[in-house]
Amino acid sequence: TSTVQHIPIKDGEKFTVVGDLHGQLQDLFTIFTINGLPSATNRYLFNGDVADRGRDVAKANACLRRLQRLAPEAGGRVIRLVGNHELMRAEGSLRDAHPAESSAAAVAGVMQWKVDVKSGAVRASYSDGPYFFTHAGVRPALLERLPTSSIGELVGYLNDRLRDAVV
């Protein structure tokens, strides 16, 4: 099941973080029903793993892609991060795909996901104030080797590495 957490970033603003949606379109609709659609006071971060396990991966991704594009019209924001299931699919593994999902649909989804990564619509990480978001964290050994010491530079570095890997 999906995990939902509210992060207090600014007074009067709700920042909802959703993880591990795994193709459960009904869960996505429930989250929006309970928390509202993106708006000037309601932002969303989807922390990866929209893919696999559920039967509606393509529909969930299409919904998030559309909301991400339309949210600014309402003053809102939808941020999408990559998870390990998206990376596994990009590497060719469909082992966790739902039996109802065709291989052709999964491959088409990977191709669209790659376009989204290249455009910056899907990222490896995001930060807002003191908060840093990525799907599964960053290993301390990696932090020691990075050519950066600020969170902003770390976010840029990780997002650049994801785009480089996809390109």
# chains A, B, ... in the order shown; residues from 1 in each chain; ligands from 1
$ residues_around --residues "stretch 83-88 of chain A" --least-positions-apart "5" --cutoff "6 Å" --atoms "only C-alpha atoms" --output "list in words"
Gly48, Asp49, Ala51, Ser93 and His135 of chain A
$ residues_around --residues "A:Leu67" --least-positions-apart "2" --cutoff "9 Å" --atoms "only C-alpha atoms" --output "number ranges by chain"
A: 37-38, 62-65, 69-72, 77-78
$ write_last_selection --atoms "C-alpha atoms" --output "CSV table (one decimal), in the first residue's frame"
chain,number,residue,atom,x,y,z
A,37,LEU,CA,-6.0,18.4,-5.5
A,38,PRO,CA,-2.8,20.4,-6.0
A,62,ALA,CA,-0.7,9.5,-16.9
A,63,CYS,CA,-2.7,11.1,-14.1
A,64,LEU,CA,0.4,12.3,-12.3
A,65,ARG,CA,2.0,13.6,-15.5
A,69,ARG,CA,1.5,19.9,-16.0
A,70,LEU,CA,-1.8,21.5,-14.8
A,71,ALA,CA,-1.0,22.1,-11.1
A,72,PRO,CA,0.8,25.5,-11.7
A,77,ARG,CA,3.0,21.8,-7.6
A,78,VAL,CA,3.4,18.1,-8.3
$ select_by_dssp --residues "stretch 65-158 of chain A" --states "helix (DSSP H, G or I)" --output "PyMOL selection string"
chain A and resi 65-74+84-90+103-119+140-145+151-158
$ closest_residue --among "A:Gly19, A:Gly120, A:Gly54, A:Gly36" --to "A:Thr134" --atoms "only C-alpha atoms"
A:Gly19
$ residues_around --residues "A:Leu28" --least-positions-apart "4" --cutoff "10 Å" --atoms "only C-alpha atoms" --output "PyMOL selection string"
chain A and resi 2+18+21-24+32-33+60+63-64
$ residues_around --residues "A:Val107" --least-positions-apart "3" --cutoff "12 Å" --atoms "only C-alpha atoms" --output "list in words"
Ala51, Val57, Ala58, Glu86, Met88, Arg89, Ala90, Glu91, Gly92, Ser93, Leu94, Ala97, Glu101, Ser102, Ser103, Ala104, Val110, Met111, Gln112, Trp113 and Lys114 of chain A
$ write_last_selection --atoms "N, CA, C and O atoms" --output "tab-separated table (two decimals), in the first residue's frame"
chain	number	residue	atom	x	y	z
A	51	ALA	N	5.50	2.56	-10.41
A	51	ALA	CA	5.47	1.37	-11.26
A	51	ALA	C	5.36	0.08	-10.45
A	51	ALA	O	5.67	0.04	-9.26
A	57	VAL	N	-0.60	0.99	-13.67
A	57	VAL	CA	0.64	1.77	-13.70
A	57	VAL	C	0.55	2.87	-14.76
A	57	VAL	O	0.85	4.04	-14.48
A	58	ALA	N	0.14	2.53	-15.97
A	58	ALA	CA	0.07	3.52	-17.05
A	58	ALA	C	-0.92	4.64	-16.71
A	58	ALA	O	-0.63	5.82	-16.93
A	86	GLU	N	11.00	1.95	-10.97
A	86	GLU	CA	11.17	2.61	-12.26
A	86	GLU	C	12.55	2.29	-12.84
A	86	GLU	O	12.68	2.03	-14.04
A	88	MET	N	14.37	-0.39	-12.23
A	88	MET	CA	14.39	-1.79	-12.67
A	88	MET	C	13.74	-1.92	-14.05
A	88	MET	O	14.24	-2.64	-14.91
A	89	ARG	N	12.62	-1.23	-14.26
A	89	ARG	CA	11.97	-1.27	-15.56
A	89	ARG	C	12.86	-0.68	-16.65
A	89	ARG	O	12.94	-1.20	-17.75
A	90	ALA	N	13.51	0.43	-16.33
A	90	ALA	CA	14.40	1.06	-17.31
A	90	ALA	C	15.56	0.14	-17.69
A	90	ALA	O	16.07	0.20	-18.80
A	91	GLU	N	15.94	-0.75	-16.77
A	91	GLU	CA	17.00	-1.73	-17.05
A	91	GLU	C	16.46	-2.99	-17.72
A	91	GLU	O	17.21	-3.91	-18.00
A	92	GLY	N	15.14	-3.04	-17.96
A	92	GLY	CA	14.55	-4.16	-18.68
A	92	GLY	C	13.86	-5.20	-17.84
A	92	GLY	O	13.34	-6.18	-18.36
A	93	SER	N	13.80	-5.02	-16.53
A	93	SER	CA	13.15	-6.00	-15.66
A	93	SER	C	11.68	-5.67	-15.48
A	93	SER	O	11.32	-4.60	-15.00
A	94	LEU	N	10.84	-6.62	-15.85
A	94	LEU	CA	9.39	-6.49	-15.65
A	94	LEU	C	8.90	-7.55	-14.67
A	94	LEU	O	7.71	-7.89	-14.66
A	97	ALA	N	5.84	-6.64	-12.65
A	97	ALA	CA	4.69	-6.10	-13.36
A	97	ALA	C	3.44	-6.91	-13.01
A	97	ALA	O	3.50	-8.12	-12.77
A	101	GLU	N	-0.89	-6.25	-16.94
A	101	GLU	CA	-0.16	-5.25	-17.72
A	101	GLU	C	0.61	-5.94	-18.84
A	101	GLU	O	1.43	-6.82	-18.59
A	102	SER	N	0.37	-5.52	-20.06
A	102	SER	CA	1.07	-6.14	-21.18
A	102	SER	C	2.52	-5.65	-21.23
A	102	SER	O	2.84	-4.56	-20.76
A	103	SER	N	3.37	-6.47	-21.80
A	103	SER	CA	4.77	-6.08	-21.97
A	103	SER	C	4.88	-4.83	-22.84
A	103	SER	O	5.70	-3.96	-22.58
A	104	ALA	N	4.05	-4.74	-23.86
A	104	ALA	CA	4.08	-3.57	-24.74
A	104	ALA	C	3.73	-2.29	-23.97
A	104	ALA	O	4.37	-1.25	-24.15
A	110	VAL	N	8.00	2.83	-20.00
A	110	VAL	CA	9.43	3.11	-19.77
A	110	VAL	C	9.89	4.21	-20.73
A	110	VAL	O	10.63	5.12	-20.33
A	111	MET	N	9.47	4.14	-21.97
A	111	MET	CA	9.88	5.15	-22.94
A	111	MET	C	9.37	6.53	-22.54
A	111	MET	O	10.10	7.53	-22.60
A	112	GLN	N	8.12	6.61	-22.09
A	112	GLN	CA	7.57	7.90	-21.63
A	112	GLN	C	8.30	8.36	-20.37
A	112	GLN	O	8.59	9.54	-20.22
A	113	TRP	N	8.60	7.44	-19.46
A	113	TRP	CA	9.33	7.78	-18.24
A	113	TRP	C	10.69	8.38	-18.59
A	113	TRP	O	11.11	9.37	-18.00
A	114	LYS	N	11.37	7.82	-19.57
A	114	LYS	CA	12.67	8.35	-19.98
A	114	LYS	C	12.53	9.77	-20.52
A	114	LYS	O	13.37	10.63	-20.23
$ residues_around --residues "A:Asn35" --least-positions-apart "4" --cutoff "10 Å" --atoms "only C-alpha atoms" --output "JSON list (two decimals) with N, CA, C and O atoms, in the first residue's frame"
[["chain", "number", "residue", "atom", "x", "y", "z"],
["A", 6, "HIS", "N", 2.48, 14.08, 5.69],
["A", 6, "HIS", "CA", 2.37, 15.53, 5.52],
["A", 6, "HIS", "C", 3.59, 16.18, 6.16],
["A", 6, "HIS", "O", 3.93, 15.89, 7.31],
["A", 14, "LYS", "N", 0.15, 22.91, 2.77],
["A", 14, "LYS", "CA", 0.21, 21.46, 3.00],
["A", 14, "LYS", "C", 1.12, 20.85, 1.93],
["A", 14, "LYS", "O", 0.96, 21.10, 0.75],
["A", 15, "PHE", "N", 2.09, 20.09, 2.38],
["A", 15, "PHE", "CA", 3.02, 19.41, 1.48],
["A", 15, "PHE", "C", 2.86, 17.92, 1.76],
["A", 15, "PHE", "O", 3.23, 17.44, 2.83],
["A", 16, "THR", "N", 2.26, 17.22, 0.82],
["A", 16, "THR", "CA", 1.95, 15.81, 1.01],
["A", 16, "THR", "C", 2.94, 14.97, 0.21],
["A", 16, "THR", "O", 3.12, 15.18, -0.98],
["A", 29, "PHE", "N", -6.65, 8.17, -6.26],
["A", 29, "PHE", "CA", -7.90, 8.93, -6.17],
["A", 29, "PHE", "C", -8.30, 9.16, -4.72],
["A", 29, "PHE", "O", -8.78, 10.24, -4.37],
["A", 30, "THR", "N", -8.10, 8.16, -3.88],
["A", 30, "THR", "CA", -8.41, 8.31, -2.45],
["A", 30, "THR", "C", -7.54, 9.38, -1.81],
["A", 30, "THR", "O", -8.03, 10.19, -1.01],
["A", 31, "ILE", "N", -6.26, 9.39, -2.15],
["A", 31, "ILE", "CA", -5.34, 10.41, -1.61],
["A", 31, "ILE", "C", -5.83, 11.80, -1.99],
["A", 31, "ILE", "O", -5.88, 12.71, -1.16],
["A", 42, "ASN", "N", -1.48, 23.54, -1.45],
["A", 42, "ASN", "CA", -1.48, 22.07, -1.40],
["A", 42, "ASN", "C", -0.54, 21.52, -2.46],
["A", 42, "ASN", "O", -0.89, 21.46, -3.64],
["A", 43, "ARG", "N", 0.67, 21.14, -2.05],
["A", 43, "ARG", "CA", 1.65, 20.60, -2.98],
["A", 43, "ARG", "C", 1.83, 19.11, -2.71],
["A", 43, "ARG", "O", 1.61, 18.63, -1.61],
["A", 44, "TYR", "N", 2.28, 18.40, -3.75],
["A", 44, "TYR", "CA", 2.50, 16.96, -3.65],
["A", 44, "TYR", "C", 3.89, 16.59, -4.12],
["A", 44, "TYR", "O", 4.39, 17.16, -5.10]]
$ closest_residue --among "A:Arg53, A:Pro8, A:Ala124, A:Val138" --to "A:Ala165" --atoms "only C-alpha atoms"
A:Ala124
$ closest_residue --among "A:Val50, A:Ile9, A:Val4, A:Leu154" --to "A:Pro130" --atoms "only C-alpha atoms"
A:Ile9
